[in-house]
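Text of upload-v2.cif (mmCIF, C-alpha atoms) as supplied:
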data_start
loop_
_atom_site.label_atom_id
_atom_site.label_comp_id
_atom_site.auth_asym_id
_atom_site.auth_seq_id
_atom_site.Cartn_x
_atom_site.Cartn_y
_atom_site.Cartn_z
CA MET Y 4 -6.32 8.30 -76.47
CA GLY Y 5 -5.39 5.31 -78.61
CA ILE Y 6 -6.90 4.43 -81.89
CA ASN Y 7 -9.49 1.70 -81.68
CA TRP Y 8 -8.34 -0.56 -84.51
CA GLN Y 9 -10.92 -3.18 -83.69
CA PHE Y 10 -13.65 -0.65 -84.31
CA ILE Y 11 -12.10 0.32 -87.64
CA ALA Y 12 -11.93 -3.31 -88.72
CA ASP Y 13 -15.50 -3.94 -87.62
CA SER Y 14 -16.97 -0.96 -89.43
CA LEU Y 15 -14.92 -1.43 -92.59
CA PRO Y 16 -17.62 -3.45 -94.41
CA LEU Y 17 -20.15 -0.71 -93.68
CA TYR Y 18 -17.85 1.87 -95.20
CA LEU Y 19 -17.12 -0.24 -98.26
CA GLU Y 20 -20.80 -0.74 -98.89
CA ALA Y 21 -21.47 2.98 -98.44
CA ALA Y 22 -18.58 3.86 -100.73
CA TRP Y 23 -20.06 1.55 -103.34
CA THR Y 24 -23.41 3.36 -102.99
CA THR Y 25 -21.68 6.72 -103.33
CA LEU Y 26 -19.84 5.54 -106.44
CA LYS Y 27 -22.98 4.13 -108.00
CA LEU Y 28 -25.00 7.27 -107.37
CA GLY Y 29 -22.09 9.39 -108.56
CA PHE Y 30 -21.73 7.32 -111.73
CA TRP Y 31 -25.39 7.58 -112.73
CA GLY Y 32 -25.58 11.21 -111.68
CA ILE Y 33 -22.53 12.09 -113.77
CA LEU Y 34 -23.70 10.04 -116.76
CA PHE Y 35 -27.14 11.65 -116.83
CA SER Y 36 -25.71 15.13 -116.26
CA LEU Y 37 -23.35 14.63 -119.20
CA ILE Y 38 -26.29 13.68 -121.40
CA ILE Y 39 -28.56 16.47 -120.13
CA GLY Y 40 -25.73 18.97 -120.44
CA LEU Y 41 -24.98 17.91 -124.00
CA ILE Y 42 -28.60 18.25 -125.06
CA CYS Y 43 -28.95 21.62 -123.34
CA SER Y 44 -25.78 23.01 -124.85
CA ILE Y 45 -26.80 21.89 -128.36
CA VAL Y 46 -30.19 23.57 -127.90
CA LEU Y 47 -28.47 26.77 -126.78
CA TYR Y 48 -25.76 26.67 -129.45
CA PHE Y 49 -28.15 26.22 -132.36
CA LYS Y 50 -30.68 28.58 -130.76
CA VAL Y 51 -33.63 26.22 -131.09
CA LYS Y 52 -36.84 28.23 -130.64
CA VAL Y 53 -38.96 27.82 -127.48
CA LEU Y 54 -36.71 25.04 -126.19
CA LYS Y 55 -33.99 27.63 -125.71
CA SER Y 56 -35.91 29.60 -123.10
CA ILE Y 57 -36.92 26.41 -121.29
CA VAL Y 58 -33.29 25.30 -121.15
CA GLN Y 59 -32.18 28.72 -119.92
CA ALA Y 60 -34.79 28.73 -117.18
CA TYR Y 61 -33.72 25.23 -116.14
CA ILE Y 62 -30.06 26.20 -116.00
CA GLU Y 63 -30.69 29.28 -113.87
CA LEU Y 64 -33.01 27.38 -111.55
CA SER Y 65 -30.65 24.49 -110.97
CA ARG Y 66 -27.52 26.61 -110.60
CA ASN Y 67 -29.01 29.00 -108.10
CA THR Y 68 -30.58 26.60 -105.62
CA PRO Y 69 -28.81 24.27 -103.20
CA LEU Y 70 -28.82 20.53 -103.88
CA LEU Y 71 -30.03 19.82 -100.35
CA ILE Y 72 -33.25 21.71 -100.88
CA GLN Y 73 -33.70 20.19 -104.35
CA LEU Y 74 -33.46 16.76 -102.76
CA PHE Y 75 -35.83 17.62 -99.92
CA PHE Y 76 -38.33 18.94 -102.41
CA LEU Y 77 -38.07 15.80 -104.53
CA TYR Y 78 -38.10 13.37 -101.64
CA PHE Y 79 -40.52 14.91 -99.14
CA GLY Y 80 -42.40 17.45 -101.23
CA LEU Y 81 -43.41 15.50 -104.31
CA THR Y 82 -44.56 12.51 -102.27
CA LYS Y 83 -47.40 14.63 -101.02
CA LEU Y 84 -48.58 15.20 -104.57
CA GLY Y 85 -48.68 11.49 -105.22
CA ILE Y 86 -45.29 11.13 -106.89
CA THR Y 87 -43.31 8.77 -104.72
CA LEU Y 88 -39.70 8.04 -105.58
CA ASN Y 89 -37.33 5.92 -103.58
CA GLU Y 90 -34.33 7.63 -102.06
CA ASN Y 91 -31.78 6.37 -104.56
CA ALA Y 92 -33.88 7.50 -107.52
CA CYS Y 93 -34.28 10.90 -105.85
CA ALA Y 94 -30.55 11.19 -105.31
CA ILE Y 95 -29.81 10.38 -108.95
CA ILE Y 96 -32.49 12.76 -110.24
CA GLY Y 97 -31.26 15.49 -107.91
CA LEU Y 98 -27.62 15.04 -108.95
CA SER Y 99 -28.53 14.99 -112.64
CA PHE Y 100 -30.75 18.04 -112.24
CA LEU Y 101 -27.91 19.95 -110.59
CA GLY Y 102 -25.11 18.53 -112.72
CA GLY Y 103 -26.89 18.98 -116.05
CA SER Y 104 -26.64 22.74 -115.90
CA TYR Y 105 -22.99 22.69 -114.87
CA MET Y 106 -22.17 20.30 -117.69
CA ALA Y 107 -24.14 22.45 -120.15
CA GLU Y 108 -21.99 25.44 -119.22
CA ALA Y 109 -18.85 23.37 -119.67
CA TYR Y 110 -19.85 22.22 -123.16
CA ARG Y 111 -20.93 25.74 -124.06
CA SER Y 112 -17.53 27.17 -123.18
CA GLY Y 113 -16.04 24.59 -125.55
CA LEU Y 114 -18.46 25.40 -128.34
CA GLU Y 115 -17.81 29.11 -127.97
CA ALA Y 116 -14.08 28.59 -128.11
CA ILE Y 117 -14.23 27.28 -131.69
CA SER Y 118 -12.86 29.98 -133.90
CA LYS Y 119 -14.85 31.52 -136.74
CA ILE Y 120 -12.25 30.36 -139.28
CA GLN Y 121 -12.83 26.74 -138.36
CA ILE Y 122 -16.56 27.06 -138.82
CA GLU Y 123 -16.22 28.91 -142.10
CA SER Y 124 -13.67 26.45 -143.47
CA GLY Y 125 -15.89 23.55 -142.50
CA LEU Y 126 -18.84 25.04 -144.27
CA SER Y 127 -16.84 26.06 -147.33
CA ILE Y 128 -15.56 22.55 -148.04
CA GLY Y 129 -19.17 21.48 -148.22
CA LEU Y 130 -19.64 19.31 -145.15
CA ASN Y 131 -23.23 18.59 -144.34
CA LYS Y 132 -24.54 19.43 -140.89
CA ALA Y 133 -23.92 16.01 -139.33
CA GLN Y 134 -20.39 15.78 -140.72
CA PHE Y 135 -19.75 19.37 -139.67
CA VAL Y 136 -20.70 18.61 -136.09
CA ARG Y 137 -18.91 15.27 -136.10
CA TYR Y 138 -15.59 16.35 -137.64
CA VAL Y 139 -15.21 20.06 -136.97
CA ILE Y 140 -17.19 21.14 -133.95
CA PHE Y 141 -17.23 18.15 -131.64
CA PRO Y 142 -13.52 17.24 -131.43
CA GLN Y 143 -12.50 20.84 -130.77
CA ALA Y 144 -15.27 21.69 -128.36
CA PHE Y 145 -14.71 18.48 -126.45
CA SER Y 146 -11.01 19.08 -125.96
CA VAL Y 147 -11.63 22.60 -124.67
CA SER Y 148 -14.37 21.53 -122.28
CA ILE Y 149 -12.54 18.51 -120.80
CA PRO Y 150 -11.03 20.39 -117.85
CA LEU Y 151 -14.38 21.87 -116.90
CA LEU Y 152 -16.21 18.59 -117.41
CA GLY Y 153 -13.66 16.91 -115.17
CA ALA Y 154 -13.99 19.55 -112.50
CA ASN Y 155 -17.75 19.05 -112.63
CA CYS Y 156 -17.39 15.28 -112.20
CA ILE Y 157 -15.39 15.84 -109.03
CA PHE Y 158 -17.86 18.47 -107.89
CA LEU Y 159 -20.75 16.01 -108.36
CA LEU Y 160 -18.93 13.21 -106.55
CA LYS Y 161 -18.43 15.57 -103.64
CA GLU Y 162 -22.04 16.64 -103.76
CA THR Y 163 -23.10 13.02 -103.26
CA SER Y 164 -22.12 13.58 -99.62
CA ILE Y 165 -25.42 15.41 -99.24
CA VAL Y 166 -27.72 12.54 -100.25
CA GLY Y 167 -27.31 11.03 -96.78
CA ALA Y 168 -29.83 13.64 -95.68
CA ILE Y 169 -32.63 11.84 -97.54
CA ALA Y 170 -31.98 8.44 -96.00
CA VAL Y 171 -29.59 7.10 -98.63
CA VAL Y 172 -27.08 4.97 -96.74
CA ASP Y 173 -24.02 6.77 -98.04
CA LEU Y 174 -20.68 7.54 -96.36
CA MET Y 175 -21.99 10.51 -94.40
CA ASN Y 176 -24.98 8.58 -93.19
CA VAL Y 177 -22.88 5.65 -91.99
CA THR Y 178 -20.45 7.99 -90.25
CA LYS Y 179 -23.19 9.89 -88.51
CA ASP Y 180 -24.78 6.65 -87.30
CA LEU Y 181 -21.49 5.27 -86.02
CA ILE Y 182 -20.69 8.48 -84.15
CA GLY Y 183 -24.16 8.48 -82.67
CA MET Y 184 -24.04 4.84 -81.59
CA TYR Y 185 -20.47 4.24 -80.45
CA TYR Y 186 -18.89 7.69 -79.90
CA GLN Y 187 -15.82 6.54 -81.84
CA THR Y 188 -15.67 9.98 -83.40
CA PHE Y 189 -12.04 10.07 -84.37
CA GLU Y 190 -12.04 6.65 -86.03
CA ALA Y 191 -15.29 7.22 -87.89
CA LEU Y 192 -14.23 10.61 -89.22
CA SER Y 193 -10.78 9.39 -90.24
CA MET Y 194 -12.32 6.59 -92.23
CA LEU Y 195 -14.75 8.99 -93.84
CA VAL Y 196 -11.93 11.25 -95.00
CA ALA Y 197 -9.83 8.29 -96.10
CA VAL Y 198 -12.59 6.88 -98.28
CA TYR Y 199 -13.30 10.23 -99.91
CA LEU Y 200 -9.61 10.72 -100.60
CA LEU Y 201 -9.39 7.21 -102.08
CA ILE Y 202 -12.26 8.00 -104.41
CA ILE Y 203 -11.51 11.57 -105.42
CA LEU Y 204 -7.72 11.83 -105.40
CA PRO Y 205 -7.08 9.25 -108.17
CA LEU Y 206 -9.85 10.79 -110.24
CA SER Y 207 -8.35 14.22 -109.80
CA LEU Y 208 -4.90 12.97 -110.90
CA LEU Y 209 -6.43 11.11 -113.86
CA LEU Y 210 -8.18 14.27 -115.00
CA THR Y 211 -5.02 16.35 -114.79
CA TRP Y 212 -3.34 13.78 -117.02
CA LEU Y 213 -6.27 13.73 -119.43
CA GLU Y 214 -6.26 17.51 -119.60
CA ARG Y 215 -2.70 17.49 -120.90
CA LYS Y 216 -3.54 14.70 -123.34
CA VAL Y 217 -6.38 16.49 -125.09
CA ARG Y 218 -4.84 19.93 -125.38
CA TYR Y 219 -4.74 19.69 -129.17
CA ALA Y 220 -7.42 22.13 -130.15
CA GLU Y 221 -5.68 25.41 -129.45
CA PHE Y 222 -5.20 26.39 -133.06
CA GLY Y 223 -6.97 28.70 -135.45
CA ASN Y 224 -7.54 31.43 -132.93
CA MET D 17 -57.42 20.09 -99.35
CA GLN D 18 -54.71 20.19 -101.97
CA SER D 19 -55.47 23.78 -102.96
CA LEU D 20 -55.32 24.93 -99.36
CA GLY D 21 -51.82 23.58 -98.81
CA ILE D 22 -50.17 26.90 -99.49
CA SER D 23 -52.04 28.43 -96.53
CA VAL D 24 -49.58 26.70 -94.22
CA LEU D 25 -47.06 29.37 -95.14
CA PHE D 26 -49.25 32.17 -93.88
CA LYS D 27 -50.65 30.54 -90.80
CA GLY D 28 -49.76 32.05 -87.44
CA MET D 29 -46.12 33.04 -87.15
CA ASN D 30 -44.95 30.65 -89.84
CA MET D 31 -43.78 33.23 -92.38
CA GLN D 32 -42.09 35.23 -89.62
CA ARG D 33 -40.34 32.09 -88.36
CA LEU D 34 -39.13 31.11 -91.80
CA PHE D 35 -37.60 34.55 -92.27
CA ASP D 36 -35.97 34.32 -88.85
CA GLY D 37 -34.43 31.05 -90.00
CA LEU D 38 -33.31 32.67 -93.21
CA LEU D 39 -31.63 35.34 -91.13
CA VAL D 40 -29.49 32.69 -89.42
CA THR D 41 -28.47 31.32 -92.83
CA ALA D 42 -27.75 34.84 -94.07
CA ARG D 43 -25.72 35.68 -90.98
CA ILE D 44 -23.50 32.63 -91.39
CA ALA D 45 -23.05 33.34 -95.09
CA PHE D 46 -22.39 37.06 -94.61
CA ILE D 47 -19.83 36.73 -91.81
CA SER D 48 -17.91 33.96 -93.57
CA ILE D 49 -17.95 35.74 -96.93
CA VAL D 50 -16.59 38.96 -95.41
CA ILE D 51 -13.88 37.37 -93.24
CA GLY D 52 -13.11 34.76 -95.89
CA SER D 53 -12.61 37.39 -98.59
CA LEU D 54 -10.32 39.49 -96.43
CA LEU D 55 -8.21 36.47 -95.47
CA GLY D 56 -8.33 35.36 -99.10
CA ILE D 57 -6.90 38.64 -100.36
CA VAL D 58 -4.01 38.37 -97.90
CA LEU D 59 -3.51 34.72 -98.85
CA GLY D 60 -3.61 35.58 -102.57
CA VAL D 61 -0.89 38.22 -102.14
CA ILE D 62 1.26 35.79 -100.15
CA TRP D 63 0.60 33.13 -102.79
CA THR D 64 2.29 35.19 -105.52
CA SER D 65 5.53 34.87 -103.57
CA LYS D 66 8.45 33.32 -105.40
CA SER D 67 9.20 30.86 -102.63
CA LYS D 68 8.38 27.32 -103.67
CA TRP D 69 7.52 26.37 -100.10
CA ILE D 70 4.94 29.11 -99.65
CA ARG D 71 3.37 28.32 -103.01
CA SER D 72 3.01 24.64 -102.34
CA PHE D 73 1.69 25.31 -98.86
CA CYS D 74 -1.07 27.51 -100.32
CA ARG D 75 -1.75 24.96 -103.03
CA ILE D 76 -2.17 22.15 -100.50
CA TYR D 77 -4.41 24.33 -98.34
CA LEU D 78 -6.69 24.94 -101.33
CA GLU D 79 -6.69 21.32 -102.53
CA VAL D 80 -7.57 20.09 -99.06
CA PHE D 81 -10.78 22.09 -99.26
CA ARG D 82 -11.40 21.22 -102.90
CA ILE D 83 -11.03 17.47 -102.51
CA ILE D 84 -12.86 16.87 -99.25
CA PRO D 85 -16.56 17.79 -99.39
CA ILE D 86 -17.65 20.76 -97.28
CA LEU D 87 -20.17 18.58 -95.47
CA VAL D 88 -17.31 16.34 -94.35
CA TRP D 89 -15.50 19.43 -93.09
CA LEU D 90 -18.55 20.46 -91.11
CA PHE D 91 -18.64 16.98 -89.57
CA ILE D 92 -14.94 17.03 -88.76
CA MET D 93 -15.22 20.43 -87.06
CA TYR D 94 -18.48 19.74 -85.29
CA PHE D 95 -17.89 16.18 -84.10
CA GLY D 96 -14.15 15.67 -84.45
CA VAL D 97 -12.35 18.82 -83.39
CA THR D 98 -14.76 19.49 -80.53
CA THR D 99 -14.24 16.01 -79.09
CA ALA D 100 -10.50 16.04 -79.61
CA LEU D 101 -10.02 19.41 -77.91
CA ASN D 102 -12.88 18.95 -75.49
CA LEU D 103 -14.45 22.18 -76.65
CA HIS D 104 -18.08 23.13 -76.86
CA ILE D 105 -18.77 25.29 -79.85
CA SER D 106 -22.19 25.81 -81.31
CA GLY D 107 -23.13 24.61 -84.76
CA GLU D 108 -23.32 28.17 -85.97
CA ILE D 109 -19.78 29.05 -84.92
CA THR D 110 -18.55 25.76 -86.41
CA SER D 111 -20.20 26.60 -89.71
CA ILE D 112 -18.72 30.08 -89.75
CA ILE D 113 -15.23 28.66 -89.12
CA VAL D 114 -15.55 26.06 -91.89
CA PHE D 115 -17.05 28.45 -94.44
CA THR D 116 -14.47 31.12 -93.64
CA LEU D 117 -11.57 28.72 -94.11
CA TRP D 118 -13.06 27.42 -97.36
CA GLY D 119 -13.88 30.92 -98.61
CA ALA D 120 -10.35 32.10 -97.84
CA ALA D 121 -8.86 29.21 -99.81
CA GLU D 122 -11.02 29.76 -102.90
CA MET D 123 -10.72 33.54 -102.67
CA GLY D 124 -6.95 33.23 -102.36
CA ASP D 125 -6.88 31.28 -105.61
CA ILE D 126 -9.02 33.91 -107.37
CA VAL D 127 -6.80 36.75 -106.11
CA ARG D 128 -3.65 34.88 -107.09
CA GLY D 129 -5.05 34.29 -110.59
CA ALA D 130 -5.96 37.95 -110.95
CA LEU D 131 -2.57 39.20 -109.71
CA GLU D 132 -0.64 36.82 -111.93
CA SER D 133 -2.65 37.79 -114.98
CA LEU D 134 -1.55 41.41 -114.68
CA PRO D 135 1.07 42.44 -117.23
CA LYS D 136 4.63 42.32 -115.87
CA HIS D 137 5.43 45.86 -116.95
CA GLN D 138 2.86 47.21 -114.50
CA ILE D 139 4.91 45.89 -111.61
CA GLU D 140 8.16 47.05 -113.15
CA SER D 141 6.87 50.56 -113.82
CA GLY D 142 5.62 50.75 -110.28
CA LYS D 143 9.01 49.77 -108.94
CA ALA D 144 10.73 52.15 -111.34
CA ILE D 145 8.85 55.18 -110.01
CA GLY D 146 9.98 54.17 -106.54
CA LEU D 147 6.81 52.82 -104.93
CA SER D 148 7.24 50.77 -101.80
CA PHE D 149 5.88 47.21 -101.60
CA LEU D 150 2.67 48.39 -99.98
CA GLY D 151 2.35 51.31 -102.37
CA LEU D 152 2.76 48.98 -105.30
CA TYR D 153 -0.16 46.86 -104.13
CA ARG D 154 -2.23 49.79 -102.90
CA TYR D 155 -2.05 51.95 -106.02
CA ILE D 156 -1.28 49.60 -108.90
CA LEU D 157 -1.94 45.92 -108.37
CA ILE D 158 -5.04 45.74 -106.18
CA PRO D 159 -7.14 48.26 -108.17
CA GLN D 160 -6.44 46.39 -111.39
CA ALA D 161 -6.81 42.96 -109.86
CA ILE D 162 -10.18 43.77 -108.32
CA ARG D 163 -11.68 44.20 -111.78
CA ARG D 164 -10.43 40.81 -112.83
CA MET D 165 -11.42 38.98 -109.70
CA LEU D 166 -14.84 40.48 -109.01
CA PRO D 167 -16.90 38.14 -111.26
CA GLY D 168 -15.20 35.10 -109.75
CA ALA D 169 -15.58 36.46 -106.25
CA ILE D 170 -19.32 37.04 -106.70
CA ASN D 171 -19.68 33.52 -108.08
CA LEU D 172 -17.91 32.22 -105.00
CA ALA D 173 -20.36 34.17 -102.85
CA THR D 174 -23.35 32.48 -104.53
CA ARG D 175 -21.73 29.10 -104.02
CA MET D 176 -21.18 29.90 -100.35
CA VAL D 177 -24.77 31.04 -99.87
CA LYS D 178 -26.01 27.83 -101.49
CA THR D 179 -23.71 25.71 -99.38
CA THR D 180 -24.92 27.28 -96.13
CA SER D 181 -28.02 25.10 -96.62
CA LEU D 182 -25.86 22.25 -95.27
CA VAL D 183 -25.65 23.73 -91.77
CA VAL D 184 -29.00 22.13 -90.95
CA LEU D 185 -27.22 18.78 -90.99
CA ILE D 186 -25.08 19.73 -88.00
CA GLY D 187 -28.06 20.97 -86.06
CA VAL D 188 -28.15 24.69 -86.75
CA ILE D 189 -31.69 26.06 -86.66
CA ASP D 190 -31.63 27.61 -90.12
CA VAL D 191 -34.42 28.18 -92.61
CA ILE D 192 -34.63 24.48 -93.54
CA LYS D 193 -34.85 23.37 -89.92
CA VAL D 194 -37.62 25.87 -89.27
CA GLY D 195 -39.37 24.53 -92.37
CA GLN D 196 -39.10 20.99 -91.02
CA GLN D 197 -40.56 22.10 -87.70
CA ILE D 198 -43.50 23.73 -89.45
CA ILE D 199 -44.07 20.58 -91.51
CA GLU D 200 -44.01 18.43 -88.39
CA LEU D 201 -46.49 20.70 -86.60
CA SER D 202 -48.99 20.82 -89.42
CA ARG D 203 -48.68 17.18 -90.39
CA LEU D 204 -52.30 16.40 -89.49
CA GLU D 205 -53.99 19.57 -90.63
CA VAL D 206 -52.09 20.13 -93.86
CA PRO D 207 -50.69 16.89 -95.26
CA THR D 208 -49.21 18.64 -98.28
CA ALA D 209 -47.21 21.06 -96.13
CA SER D 210 -43.83 19.62 -97.10
CA PHE D 211 -44.48 20.38 -100.76
CA TRP D 212 -45.27 24.02 -100.09
CA VAL D 213 -42.67 24.67 -97.40
CA TYR D 214 -39.78 23.08 -99.30
CA GLY D 215 -41.03 24.69 -102.51
CA PHE D 216 -41.03 28.06 -100.76
CA ILE D 217 -37.48 27.61 -99.43
CA PHE D 218 -36.40 26.49 -102.90
CA ILE D 219 -37.70 29.77 -104.31
CA LEU D 220 -36.17 31.78 -101.44
CA TYR D 221 -32.70 30.47 -102.24
CA PHE D 222 -33.28 31.19 -105.91
CA ILE D 223 -34.31 34.78 -105.14
CA ILE D 224 -31.08 35.30 -103.18
CA CYS D 225 -28.67 33.60 -105.57
CA TYR D 226 -30.07 34.54 -108.95
CA PRO D 227 -29.38 38.31 -108.77
CA LEU D 228 -25.84 37.58 -107.58
CA SER D 229 -25.06 35.25 -110.47
CA MET D 230 -26.69 37.68 -112.93
CA LEU D 231 -24.46 40.45 -111.57
CA SER D 232 -21.37 38.30 -111.95
CA LYS D 233 -22.30 37.40 -115.53
CA ARG D 234 -22.97 41.03 -116.42
CA LEU D 235 -19.66 42.24 -114.95
CA GLU D 236 -17.83 39.52 -116.84
CA ASN D 237 -19.42 40.52 -120.15
CA LYS D 238 -18.87 44.19 -119.52
CA TRP D 239 -15.21 43.92 -118.60
CA ASN D 240 -14.30 41.35 -121.19
CA GLY D 241 -15.80 43.30 -124.05
#
Hey, can you dump this file as structure tokens for me?
Amino acid sequence: MGINWQFIADSLPLYLEAAWTTLKLGFWGILFSLIIGLICSIVLYFKVKVLKSIVQAYIELSRNTPLLIQLFFLYFGLTKLGITLNENACAIIGLSFLGGSYMAEAYRSGLEAISKIQIESGLSIGLNKAQFVRYVIFPQAFSVSIPLLGANCIFLLKETSIVGAIAVVDLMNVTKDLIGMYYQTFEALSMLVAVYLLIILPLSLLLTWLERKVRYAEFGN
Amino acid sequence: MQSLGISVLFKGMNMQRLFDGLLVTARIAFISIVIGSLLGIVLGVIWTSKSKWIRSFCRIYLEVFRIIPILVWLFIMYFGVTTALNLHISGEITSIIVFTLWGAAEMGDIVRGALESLPKHQIESGKAIGLSFLGLYRYILIPQAIRRMLPGAINLATRMVKTTSLVVLIGVIDVIKVGQQIIELSRLEVPTASFWVYGFIFILYFIICYPLSMLSKRLENKWNG
């Protein structure tokens, strides 16, 4: 069984386009999850009344249900109640909904790692709240949470493989179509794996490097 | 009509069918968690070996599952391996194989982490009182490691249960597929069926996973404190 190079060359544009979709969805999903996570973790850290229980409920709900069913609910379920979203919007909302809680946990682990001494020193030299967050809490918490944040980014990029199930023309969707139409299973699957590796491997290496770079906050414990 | 949508869940055999579908999901998850954990423990023990080759082999095995999405693995097994070897395996068996291999890799990493975090003198004392290799693991290392790895292992189990939802995409008749069939059937009578059925499955998964993640959190707090 030889490899059908012609087929690979022919379907390359399809894969590139799909990879672009995956990257775009991943980018927005990650961006929104970072923002949602930050807001949630601040609410939890400063124990804001009422909001705190809402955030906790959200985190438990999103962590303990599969993305696939979240997407189905958004895409097929809500339409019936008159809320119609296109598939890309659904994918981004789904990814942010799932990612937000993971990111919140990552930030929280950073916030909790700040030692008491640091907080007390910050307060005793008379920083106001904004300065305190900006100069004492944020840089330390951020450096501690980087590895987890990075792991979550990779996790979310991988999770984008699921959005093909709601008609987004992503890598999985293209592969499934090609296998169904031409039976070039080996070629289609190899390209699928190759594209995922091309996307995720460099990111993974970059994050390992970044992790070493930001390991400056391990003092005061 | 809107308020009657929920009735689709209770009509005829629908509830029964959804639970039958859930059973398929649960069976896949249960079998792969059990076999995966057992293989993972063995892998974790092997992983602590001093040989550089064995360590990097285990590392690569884990990274292969961490970098390539599980859905891609399901596709490779279901479409790729079956065509290449001219085999006919059902979607369910395929899923069990993929989830077991993935579970073993992640579990191996958890076990390795737990074993390596044990204080060195525990191993040395064990050797000093003349325990054999198996005795060392049986009486000293495994009992202590279990405490350290249990929260992580339970977390892994929740992740695996959640991920079993993907099996519908390679044609296994699981709870989601049954839900889709019910929605198709009642399309004319109950237009809002998809909202209720998917909402119900959403809650079902939550009911299964939430106690598990609570347990893991509680164990972590208890044993850290």
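The nearest approach to chain Y among the residues D:Leu25, D:Leu185, D:Val40, D:Ile105, with all atoms listed in the file taken into account, belongs to D:Leu185.
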For this session: With a distance cut-off of 8 Å and all atoms listed in the file, select the neighbouring residues of Y:Asn67, excluding the residue or stretch itself and same-chain residues fewer than 4 positions from it, and output the selection as a PyMOL selection string.
Result: (chain Y and resi 63) or (chain D and resi 174+178+221-222+225-226+229)
For this session: Evaluate the PyMOL selection byres ((chain D) within 10 of (chain Y)) and record the selected residues as an MDAnalysis selection string, following the chain and residue labels used in the document.
Result: chainID D and resid 18 79:80 82:89 91:92 95:100 174:182 184:185 192 207:230
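Considering the residues Y:Thr25, Y:Gly97, Y:Asn7, Y:Ala154 and counting all atoms listed in the file, Y:Glu214 has its shortest atom-to-atom contact with Y:Ala154.
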For this session: Evaluate the PyMOL selection byres ((chain D and resi 127) around 10) and record the selected residues as a VMD selection string, following the chain and residue labels used in the document.
Result: chain D and resid 53 56 to 61 63 to 64 122 to 126 128 to 133 158 161 to 162 164 to 166 168 to 169
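Excluding Y:Gly153 and any residue on its chain fewer than 3 positions from it, the residues at most 12 Å away by all atoms listed in the file are Ile33, Leu37, Gly102, Tyr105, Met106, Ala109, Tyr110, Phe145, Ser146, Val147, Ser148, Ile149, Pro150, Cys156, Ile157, Phe158, Leu159, Leu160, Ile203, Leu206, Ser207, Leu208, Leu209, Leu210, Thr211, Trp212, Leu213 and Glu214 of chain Y.
Residues within 8 Å of Y:Val177, counting all atoms listed in the file and excluding same-chain residues fewer than 3 positions away, are Leu17, Tyr18, Ala21, Val172, Asp173, Leu174, Asp180 and Leu181 of chain Y.
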Exercise. Nearest to Y:Leu98 among Y:Ile6, Y:Leu28, Y:Ile122, Y:Leu152, with distances taken over only C-alpha atoms: which residue is it?
Worked result: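 Answer, going by the shortest atom-to-atom distance: Y:Leu28.
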For this session: For Y:Leu114, please output as a list in words all residues within 12 Å (counting all atoms listed in the file; exclusion window: fewer than 4 positions along the same chain).
Result: Leu41, Ser44, Ile45, Val46, Leu47, Tyr48, Phe49, Ala107, Glu108, Ala109, Tyr110, Ser118, Lys119, Gln121, Ile122, Val136, Val139, Ile140, Phe141, Pro142, Gln143, Ala144, Phe145, Ser146, Val147, Ser148, Ile149 and Ala220 of chain Y
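The nearest approach to Y:Trp31 among the residues Y:Cys43, Y:Val51, Y:Leu201, Y:Ala92, with only C-alpha atoms taken into account, belongs to Y:Ala92.
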Problem set entry | Separation of atom CA of Y:Phe100 from atom CA of D:Ser48, in Å and rounded to one decimal |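 Calculated distance between atom CA of Y:Phe100 and atom CA of D:Ser48 is 27.7 Å.
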Problem set entry | the PyMOL selection byres ((chain D and resi 116) around 8) resolved against shown file, as a list in words |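 Against this file, the PyMOL selection byres ((chain D and resi 116) around 8) returns the residues Ile47, Ser48, Ile49, Ile51, Gly52, Ile112, Ile113, Val114, Phe115, Leu117, Trp118, Gly119 and Ala120 of chain D.
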Can stretch 181-185 of chain Y be brought up to N, CA, C and O atoms and written out as a PDB file, keeping the file's coordinate frame?
ATOM      1  N   LEU Y 181     -22.536   5.852 -86.868  1.00  0.00           N
ATOM      2  CA  LEU Y 181     -21.490   5.270 -86.020  1.00  0.00           C
ATOM      3  C   LEU Y 181     -21.117   6.215 -84.890  1.00  0.00           C
ATOM      4  O   LEU Y 181     -20.924   5.776 -83.745  1.00  0.00           O
ATOM      5  N   ILE Y 182     -21.030   7.523 -85.206  1.00  0.00           N
ATOM      6  CA  ILE Y 182     -20.690   8.480 -84.150  1.00  0.00           C
ATOM      7  C   ILE Y 182     -21.795   8.490 -83.101  1.00  0.00           C
ATOM      8  O   ILE Y 182     -21.542   8.473 -81.904  1.00  0.00           O
ATOM      9  N   GLY Y 183     -23.032   8.447 -83.586  1.00  0.00           N
ATOM     10  CA  GLY Y 183     -24.160   8.480 -82.670  1.00  0.00           C
ATOM     11  C   GLY Y 183     -24.228   7.242 -81.780  1.00  0.00           C
ATOM     12  O   GLY Y 183     -24.576   7.324 -80.611  1.00  0.00           O
ATOM     13  N   MET Y 184     -23.870   6.078 -82.348  1.00  0.00           N
ATOM     14  CA  MET Y 184     -24.040   4.840 -81.590  1.00  0.00           C
ATOM     15  C   MET Y 184     -22.869   4.516 -80.684  1.00  0.00           C
ATOM     16  O   MET Y 184     -23.046   4.059 -79.570  1.00  0.00           O
ATOM     17  N   TYR Y 185     -21.630   4.735 -81.210  1.00  0.00           N
ATOM     18  CA  TYR Y 185     -20.470   4.240 -80.450  1.00  0.00           C
ATOM     19  C   TYR Y 185     -19.538   5.332 -79.931  1.00  0.00           C
ATOM     20  O   TYR Y 185     -18.580   5.044 -79.240  1.00  0.00           O
TER      21      TYR Y 185
END
